[in-house]
Structure formats: structure tokens, C-alpha cells
Amino acid sequence: YVEISDGKKAAINKLFSEKKWKEYIIEVHALKSSSMTIGAVKLAEMARKLEVLGRAGDTSFIMTNHFRMIAMYDSVIYNANKILENREV
């Protein structure tokens, strides 16, 4: 999850900036699933909203909340890195 986060975030941001909504929704769906798997429930819920409303054609919700989701993703990655730094090998 942490190791691929830079690439995942770059891909999501690129699709957002290019307004490639179908591909964006696929990437957000994957982020939702992987975030739920590690217990990042708030991020997963935001990704789910973006996915569901994106599928419904509500791009205004995506435009309004994309950067909020990215900030949440950054926070999860920051906290995950802190946990990984402190664990014993």
C-alpha cells in the first residue's frame, strides 16, 4: 500500500487533470478497496462516494472533493510510514 502510493496518487491526479472519468473511477475504486483492507475507513468512504457519484455522472462532486481525498490519502500514507518506521525488524 505504502510502496505504491506515489505512483497511485500520480495516476489518480493525472486522470483527474485530464478529466478521464472512466479511468479515474477505476483507480478510485482500487484505492477504496485497498484502503478498506488496511483499515483507512474514512479514506475508503470518500473514495466510495467519488466512485459511486462518478459512475452516476456527478463530476461536480469529483471536482469539489478530489483534493480532499488526496489530502486524506497523504495523511494515511504519512501515518503508515510513521508506524512502519517504529516497528521492530
# chains A, B, ... in the order shown; residues from 1 in each chain; ligands from 1
call {"tool": "closest_atom_pairs", "arguments": {"of": "region 26-76 of chain A", "to": "region 1-17 of chain A", "cutoff": "8 Å", "atoms": "only C-alpha atoms", "output": "Markdown table"}}
result
| residue | atom | partner | partner_atom | distance |
| --- | --- | --- | --- | --- |
| A:Glu27 | CA | A:Ile12 | CA | 6.3 |
| A:Val28 | CA | A:Ile12 | CA | 7.2 |
| A:Ser34 | CA | A:Tyr1 | CA | 7.2 |
| A:His66 | CA | A:Phe16 | CA | 7.9 |
| A:Ile70 | CA | A:Lys9 | CA | 7.4 |
call {"tool": "write_last_selection", "arguments": {"atoms": "all heavy atoms", "output": "mmCIF file, in the first residue's frame"}}
result
data_model
loop_
_atom_site.group_PDB
_atom_site.id
_atom_site.type_symbol
_atom_site.label_atom_id
_atom_site.label_comp_id
_atom_site.auth_asym_id
_atom_site.auth_seq_id
_atom_site.Cartn_x
_atom_site.Cartn_y
_atom_site.Cartn_z
ATOM 1 N N GLU A 27 -9.479 3.748 -10.886
ATOM 2 C CA GLU A 27 -8.375 3.940 -9.934
ATOM 3 C C GLU A 27 -8.896 4.252 -8.527
ATOM 4 O O GLU A 27 -8.351 3.765 -7.534
ATOM 5 C CB GLU A 27 -7.442 5.051 -10.405
ATOM 6 C CG GLU A 27 -6.611 4.694 -11.609
ATOM 7 C CD GLU A 27 -5.634 3.557 -11.348
ATOM 8 O OE1 GLU A 27 -5.107 3.440 -10.217
ATOM 9 O OE2 GLU A 27 -5.394 2.768 -12.285
ATOM 10 N N VAL A 28 -9.940 5.047 -8.443
ATOM 11 C CA VAL A 28 -10.525 5.386 -7.145
ATOM 12 C C VAL A 28 -11.156 4.143 -6.518
ATOM 13 O O VAL A 28 -11.065 3.936 -5.303
ATOM 14 C CB VAL A 28 -11.530 6.552 -7.285
ATOM 15 C CG1 VAL A 28 -12.339 6.743 -6.028
ATOM 16 C CG2 VAL A 28 -10.790 7.837 -7.639
ATOM 17 N N SER A 34 -8.313 -1.065 -1.400
ATOM 18 C CA SER A 34 -7.060 -1.253 -0.664
ATOM 19 C C SER A 34 -7.060 -0.457 0.636
ATOM 20 O O SER A 34 -6.519 -0.912 1.648
ATOM 21 C CB SER A 34 -5.853 -0.900 -1.534
ATOM 22 O OG SER A 34 -5.898 0.442 -1.961
ATOM 23 N N HIS A 66 -12.064 15.931 -4.961
ATOM 24 C CA HIS A 66 -10.852 15.194 -5.342
ATOM 25 C C HIS A 66 -9.670 15.547 -4.436
ATOM 26 O O HIS A 66 -9.009 14.645 -3.894
ATOM 27 C CB HIS A 66 -10.498 15.469 -6.806
ATOM 28 C CG HIS A 66 -9.127 14.995 -7.172
ATOM 29 N ND1 HIS A 66 -8.856 13.675 -7.441
ATOM 30 C CD2 HIS A 66 -7.943 15.659 -7.277
ATOM 31 C CE1 HIS A 66 -7.560 13.545 -7.715
ATOM 32 N NE2 HIS A 66 -6.991 14.731 -7.622
ATOM 33 N N ILE A 70 -7.311 13.338 -1.856
ATOM 34 C CA ILE A 70 -5.855 13.246 -1.969
ATOM 35 C C ILE A 70 -5.191 13.634 -0.649
ATOM 36 O O ILE A 70 -4.226 12.996 -0.212
ATOM 37 C CB ILE A 70 -5.343 14.105 -3.149
ATOM 38 C CG1 ILE A 70 -5.826 13.535 -4.488
ATOM 39 C CG2 ILE A 70 -3.829 14.248 -3.121
ATOM 40 C CD1 ILE A 70 -5.340 12.115 -4.797
#
call {"tool": "residues_around", "arguments": {"residues": "Lys22 (chain A)", "least_positions_apart": "6", "cutoff": "10 Å", "atoms": "only C-alpha atoms", "output": "NGL selection string"}}
result
:A and (15 or 51 or 54-55 or 57)
call {"tool": "residues_around", "arguments": {"residues": "Arg68 (chain A)", "least_positions_apart": "5", "cutoff": "10 Å", "atoms": "only C-alpha atoms", "output": "VMD selection string"}}
result
chain A and resid 43 46 62 to 63 73 to 74
call {"tool": "residues_around", "arguments": {"residues": "Met72 (chain A)", "least_positions_apart": "6", "cutoff": "12 Å", "atoms": "only C-alpha atoms", "output": "VMD selection string"}}
result
chain A and resid 9 31 to 32 35 40 to 47 65 to 66 78 to 79
call {"tool": "select_by_dssp", "arguments": {"residues": "chain A", "states": "alpha helix (DSSP H)", "output": "VMD selection string"}}
result
chain A and resid 5 to 17 21 to 38 41 to 55 59 to 86
